Structures are given as C-alpha cells and as structure tokens.
Amino acid sequence: MAAHGPDPAHQTKLPGPHRRRKVPAAAPVWMDTETVKASGARASLSLRLLNALLLCTGDMEHLEKYMEDKFIVLQLVVWCLRGVTRVILANNPLSGALILAALFWASPWQGLLGTLGVLASTLTAVITGQDRAEISGGLHGFNGMLVSLLMGLFSSAGEWYWWLLLPVCLGSATCVFLYSGFSTVLERWDLPVSVFPFNTIIVLYLLCTGPDNPYFPHHSTTSPGLQDPNGTRLVAVEVMLGIPLGVGQIFACAAVGPSLLILVAVLLYSPLLAFHALLGSAVGTLAGLSVAVHPDSLYSGLSGFNGALGCMVVGGLFFTFNWRTHLFAISSAFLSAYADIALSNLLGSVGLPACSWAATLTATLMLLLTGSLAAYRIPTSQVVAPEHSLCSRSQSEAVKGNEINDV
C-alpha cells in the first residue's frame with residue numbers, strides 16, 4: 001500500500017532547489033556584533049570629543065572649582081587669562097591663551113607689555129585685598145592690560161624700550177584703585193565699571209608725558225578731519241579686511257592673522273558674541289564710509305572696533321538675545337561708531353586719542369534704557385555667555401508657562 005505522506009528519505013535526496021541547505025548563522029551574527037561595537041565606539045568617541053569641546057567653551061566654571069585647592073601660582077595664571085579675555089567681553093582662560101598667542105605673534109614686545117600689565121594689576125588686587133570673586137573672574141586685570149598695550153602703541157621710543165616698563169606697571173596697578181572707586185558709584189544703577197579706569201589712566205599718562213618727554217615720548221594724535229584725504233578712491237579688499245581688523249584693534253592689534261586668531265578665541269567662548277563682534281565692526285566701517293573718514297582708518301580697523309564693542313555689549317551679553325535686542329545692538333554699534341568719529345576729531349585737536357570712550361559711554365547709556373527692552377536686561381552680577389543666558393531664559397519661560405497651564 002502506498003504511504004499517506006511523502007517518504008522522508010526521498011525528501012532529503014531531492015536535487016536542485018528543492019533540497020534545504022544549512023546556512024551558517026554564526027558568521028553574520030558575529031560580523032553584525034562587531035559592526036555594532038565599532039559604530040558604538042565611534043559614536044562614543046565622537047560624544048566624548050564633543051563633551052570635551054563643550055567643556056572648553058563658555059565661562060568654564062568647572063575649572064574654577066577644580067583650581068580651588070591648587071597652588072596660588074596656577075590660580076594666578078587662570079585669573080590673568082580670564083582678565084585677558086575680559087578686554088573683549090569674554091570670560092574663558094583658553095580664549096585668553098589664544099589671545100596672548102595672537103599678541104605675541106603680532107609683536108613680541110606688545111605681547112610682553114600686555115602680559116606684564118594684566119599681571120601687575122591682578123597682583124595689586126590680591127595684595128590690596130580686593131574681592132576674591134572679582135579677582136578670580138579677571139575683573140581687575142583687563143584694564144591694566146589695556147593700559148600697558150596703549151602705552152606701548154603710542155610710545156615713540158620704539159620697541160624694547162625698557163624704561164617704559166615703569167609707567168606700565170604703575171599705570172596698570174592704579175587701575176585697581178580706580179576700578180574700586182568707579183564700582184562704588186556705578187553699582188547703584190547696576191552698571192559695570194567697564195573700561196572707565198583704562199580710558200582715564202591712558203589720557204592722564206599722555207597729558208603728563210607729552211610728545212617731547214625725554215624718558216617717555218609718545219606719538220601725537222591728529223584729528224582724522226585734519227588729515228589730507230586720499231581722494232574718494234578706496235580699495236574694496238582693504239576695506240573688507242578692515243572688518244576683522246576692527247576686532248583685533250580692541251587689543252591694539254593691526255595684523256590680519258592675529259586678529260583672526262582673536263576672533264577664534266571669541267568664537268570659542270561664544271559664537272553669538274563672535275558674530276556680533278564682526279557685525280559691529282562691519283557697522284563701524286559702514287559708518288566711517290558714510291562720513292568719508294580717512295581711508296587709513298578703514299583699512300586698519302580703527303573705524304570698526306568701537307562699533308564691535310558697542311554691538312557685543314547689547315547683542316546677547318547684557319541683554320537676552322532676540323530680534324528686538326539684535327536690532328538694538330546694531331543701533332548701539334552705529335551710535336558707538338559715530339561717537340568715536342566725533343570724539344576722535346575733538347580730542348585729536350589737542351593731540352589725544354579717543355581710545356574706547358565712545359563705546360564705553362554708549363554702552364553705559366544703553367544699559368540705563370527703560371521701557372519694553374529693559375525687560376531683557378541681564379543684571380551685571382548674572383552676566384555669562386550669551387548662549388547660557390538664552391537657554392536659561394527659555395527654561396524660565398517654559399516653567400512659567402507650565403505653571404500657568406496647571407492653574
């Protein structure tokens with residue numbers, strides 16, 4: 001009789017595609033596992049690199065906690081580097097190291113003077129018992145650095161003139177006392193001291209010494225309006241290069257390469273602040289073009305640096321960033337640039353530079369603003385990297401929205 005079902009023996013011996021083949025499952029599984037492990041390792045490495053980069057951005061508050069129990073010399077280095085970046089409204093020691101490298105790249109003599117200035121003012125603050133938080137935040141270092149850089153820039157005795165180290169140290173140290181005095185007055189309106197000490201000291205120094213001083217001679221500044229204009233012809237490339245140079249001129253640096261490195265240092269601290277620095281310098285250059293300033297001011301970046309400072313103060317640093325404060329920052333840049341041109345013509349008639357008086361006075365007025373924009377004002381004691389302020393405000397608004405919904 002025939003079987004009711006197919007013979008198993010005949011099933012296994014069927015030729016061609018009807019025969020079932022055994023596929024080794026271990027090999028593909030093993031390869032997939034290794035691929036997953038390799039992908040996971042690459043993702044983990046990328047994540048670690050990203051986290052390491054993020055630790056180097058912003059205010060680096062974790063570094064301050066790490067340095068609490070370290071040697072005072074190491075702490076002093078970090079304080080000084082923070083003071084270097086305070087010149088350009090940042091607060092990051094790695095950015096400070098990049099800026100010092102840029103200054104030494106542009107001029108070793110200027111780099112030495114800047115280092116000596118920030119060190120002298122910071123040590124003076126430590127010795128005189130100033131507030132520890134202000135010292136560690138670099139607030140007693142940046143004015144001293146600016147004083148030393150400008151003394152070297154205006155000196156007509158040439159580089160490596162060692163007598164200049166005496167007024168550099170004394171002027172930088174004096175900034176500490178002026179900072180304390182100004183802060184007592186300005187804190188009543190929640191205003192930063194900014195670079196009022198630097199502007200005051202450098203003007204007093206130039207008035208005391210004079211162009212023909214036997215020990216500390218300096219170049220006499222002339223009014224831009226009194227210079228012979230070079231017609232109306234401008235080199236477009238030179239004007240464009242003047243925009244990044246406007247950022248470098250905040251440190252009295254007129255070289256393209258070092259200025260770009262300074263811009264990278266600001267970018268490391270805050271991309272938003274770096275964007276407003278370039279934007280403000282471009283606005284200042286445009287303001288100079290509109291009133292036909294001397295081409296040298298455009299090419300060297302001198303027309304842009306006050307605009308850059310005015311734009312950075314408002315554009316995310318002391319005001320939470322949004323489209324309203326962004327337009328306000330552009331207005332501040334224009335006002336700072338035009339005020340600088342006016343003050344340069346005024347002070348140049350008596351042989352004095354305008355320095356950063358324009359941006360300092362304009363920013364102070366902007367911070368006293370009332371009305372709807374005042375709601376975005378960040379208290380001076382709470383100023384941090386713009387991205388952090390923006391994130392904190394977004395989280396605060398989200399919490400308030402949830403509370404309203406719950407009610």
# chains A, B, ... in the order shown; residues from 1 in each chain; ligands from 1

call {"tool": "closest_atom_pairs", "arguments": {"of": "stretch 45-93 of chain A", "to": "stretch 137-154 of chain A", "cutoff": "10 Å", "atoms": "only C-alpha atoms", "output": "Markdown table"}}
result
| residue | atom | partner | partner_atom | distance |
| --- | --- | --- | --- | --- |
| A:Asp59 | CA | A:Gly137 | CA | 9.5 |
| A:Glu61 | CA | A:Gly137 | CA | 9.9 |
| A:Glu64 | CA | A:Gly137 | CA | 9.1 |
| A:Leu76 | CA | A:Gly138 | CA | 9.8 |
| A:Val78 | CA | A:Gly138 | CA | 8.5 |
| A:Trp79 | CA | A:Gly138 | CA | 5.2 |
| A:Cys80 | CA | A:Gly138 | CA | 6.1 |
| A:Leu81 | CA | A:Gly138 | CA | 7.4 |
| A:Arg82 | CA | A:Gly138 | CA | 4.8 |
| A:Gly83 | CA | A:Gly138 | CA | 3.7 |
| A:Val84 | CA | A:Phe142 | CA | 5.6 |
| A:Thr85 | CA | A:Phe142 | CA | 7.5 |
| A:Arg86 | CA | A:Phe142 | CA | 5.7 |
| A:Val87 | CA | A:Phe142 | CA | 5.3 |
| A:Ile88 | CA | A:Phe142 | CA | 9.0 |
| A:Leu89 | CA | A:Phe142 | CA | 9.6 |
| A:Asn91 | CA | A:Gly137 | CA | 7.3 |
| A:Asn92 | CA | A:Gly137 | CA | 9.3 |
| A:Pro93 | CA | A:Gly138 | CA | 9.5 |

call {"tool": "residues_around", "arguments": {"residues": "stretch 331-340 of chain A", "least_positions_apart": "4", "cutoff": "8 Å", "atoms": "only C-alpha atoms", "output": "short mmCIF file (atom, residue, chain, number, x, y, z; two decimals) with C-alpha atoms, in the first residue's frame"}}
result
data_model
loop_
_atom_site.label_atom_id
_atom_site.label_comp_id
_atom_site.auth_asym_id
_atom_site.auth_seq_id
_atom_site.Cartn_x
_atom_site.Cartn_y
_atom_site.Cartn_z
CA GLY A 280 29.60 95.64 14.91
CA SER A 281 32.94 96.09 13.15
CA VAL A 283 28.66 98.58 11.03
CA GLY A 284 31.51 100.80 12.23
CA ALA A 287 29.57 104.44 9.45
CA GLY A 288 33.08 105.56 8.56
CA SER A 303 36.69 102.68 12.32
CA GLY A 304 35.24 99.37 13.43
CA ASN A 306 34.16 100.81 18.87
CA GLY A 307 31.22 99.55 16.84
CA ALA A 308 32.24 95.98 17.64
CA LEU A 309 32.32 96.70 21.37
CA GLY A 310 29.00 98.54 21.31
CA CYS A 311 27.34 95.71 19.41
CA VAL A 314 23.94 94.70 23.76
CA LEU A 327 18.25 95.44 16.21
CA SER A 344 38.45 111.50 17.53
CA ALA A 354 39.65 108.79 21.55
CA SER A 356 37.30 103.41 23.58
CA TRP A 357 35.46 106.31 25.20
CA ALA A 358 32.74 106.14 22.55
CA ALA A 359 31.81 102.50 23.13
CA THR A 362 27.34 104.48 24.58
CA ALA A 363 27.10 101.10 26.30
CA MET A 366 22.19 101.69 26.60
#

call {"tool": "residues_around", "arguments": {"residues": "A:Val193", "least_positions_apart": "2", "cutoff": "9 Å", "atoms": "only C-alpha atoms", "output": "JSON, numbers by chain"}}
result
{"A": [179, 180, 182, 183, 186, 187, 191, 195, 196, 197]}

call {"tool": "write_last_selection", "arguments": {"atoms": "N, CA, C and O atoms", "output": "PDB file, in the first residue's frame"}}
result
ATOM      1  N   TYR A 179      39.143 101.174  39.609  1.00  0.00           N
ATOM      2  CA  TYR A 179      38.057 100.208  39.448  1.00  0.00           C
ATOM      3  C   TYR A 179      37.201 100.141  40.715  1.00  0.00           C
ATOM      4  O   TYR A 179      35.968 100.148  40.641  1.00  0.00           O
ATOM      5  N   SER A 180      37.856 100.090  41.854  1.00  0.00           N
ATOM      6  CA  SER A 180      37.113 100.037  43.119  1.00  0.00           C
ATOM      7  C   SER A 180      36.297 101.303  43.334  1.00  0.00           C
ATOM      8  O   SER A 180      35.151 101.255  43.791  1.00  0.00           O
ATOM      9  N   PHE A 182      35.156 103.473  40.953  1.00  0.00           N
ATOM     10  CA  PHE A 182      34.059 103.536  39.994  1.00  0.00           C
ATOM     11  C   PHE A 182      32.954 102.546  40.343  1.00  0.00           C
ATOM     12  O   PHE A 182      31.766 102.847  40.170  1.00  0.00           O
ATOM     13  N   SER A 183      33.335 101.360  40.811  1.00  0.00           N
ATOM     14  CA  SER A 183      32.320 100.338  41.117  1.00  0.00           C
ATOM     15  C   SER A 183      31.398 100.784  42.249  1.00  0.00           C
ATOM     16  O   SER A 183      30.206 100.462  42.257  1.00  0.00           O
ATOM     17  N   LEU A 186      28.945 103.176  40.360  1.00  0.00           N
ATOM     18  CA  LEU A 186      28.138 102.613  39.279  1.00  0.00           C
ATOM     19  C   LEU A 186      27.234 101.474  39.721  1.00  0.00           C
ATOM     20  O   LEU A 186      26.219 101.205  39.079  1.00  0.00           O
ATOM     21  N   GLU A 187      27.590 100.798  40.806  1.00  0.00           N
ATOM     22  CA  GLU A 187      26.758  99.678  41.231  1.00  0.00           C
ATOM     23  C   GLU A 187      25.384 100.131  41.732  1.00  0.00           C
ATOM     24  O   GLU A 187      24.462  99.328  41.817  1.00  0.00           O
ATOM     25  N   LEU A 191      25.428  99.088  36.957  1.00  0.00           N
ATOM     26  CA  LEU A 191      26.219  99.298  35.754  1.00  0.00           C
ATOM     27  C   LEU A 191      27.616  98.718  35.936  1.00  0.00           C
ATOM     28  O   LEU A 191      28.187  98.786  37.025  1.00  0.00           O
ATOM     29  N   VAL A 195      35.609  99.857  30.974  1.00  0.00           N
ATOM     30  CA  VAL A 195      36.995 100.311  30.807  1.00  0.00           C
ATOM     31  C   VAL A 195      37.140 101.794  31.157  1.00  0.00           C
ATOM     32  O   VAL A 195      38.022 102.478  30.625  1.00  0.00           O
ATOM     33  N   PHE A 196      36.316 102.279  32.055  1.00  0.00           N
ATOM     34  CA  PHE A 196      36.497 103.649  32.542  1.00  0.00           C
ATOM     35  C   PHE A 196      37.891 103.857  33.147  1.00  0.00           C
ATOM     36  O   PHE A 196      38.528 104.894  32.888  1.00  0.00           O
ATOM     37  N   PRO A 197      38.422 102.924  33.960  1.00  0.00           N
ATOM     38  CA  PRO A 197      39.775 103.131  34.501  1.00  0.00           C
ATOM     39  C   PRO A 197      40.839 103.217  33.409  1.00  0.00           C
ATOM     40  O   PRO A 197      41.731 104.078  33.474  1.00  0.00           O
TER      41      PRO A 197
END

call {"tool": "atom_distance", "arguments": {"atom1": "atom CA of A:Gly96", "atom2": "atom CA of A:His276"}}
result
18.8 Å

call {"tool": "atom_distance", "arguments": {"atom1": "atom CA of A:Pro271", "atom2": "atom CA of A:Phe198"}}
result
26.8 Å
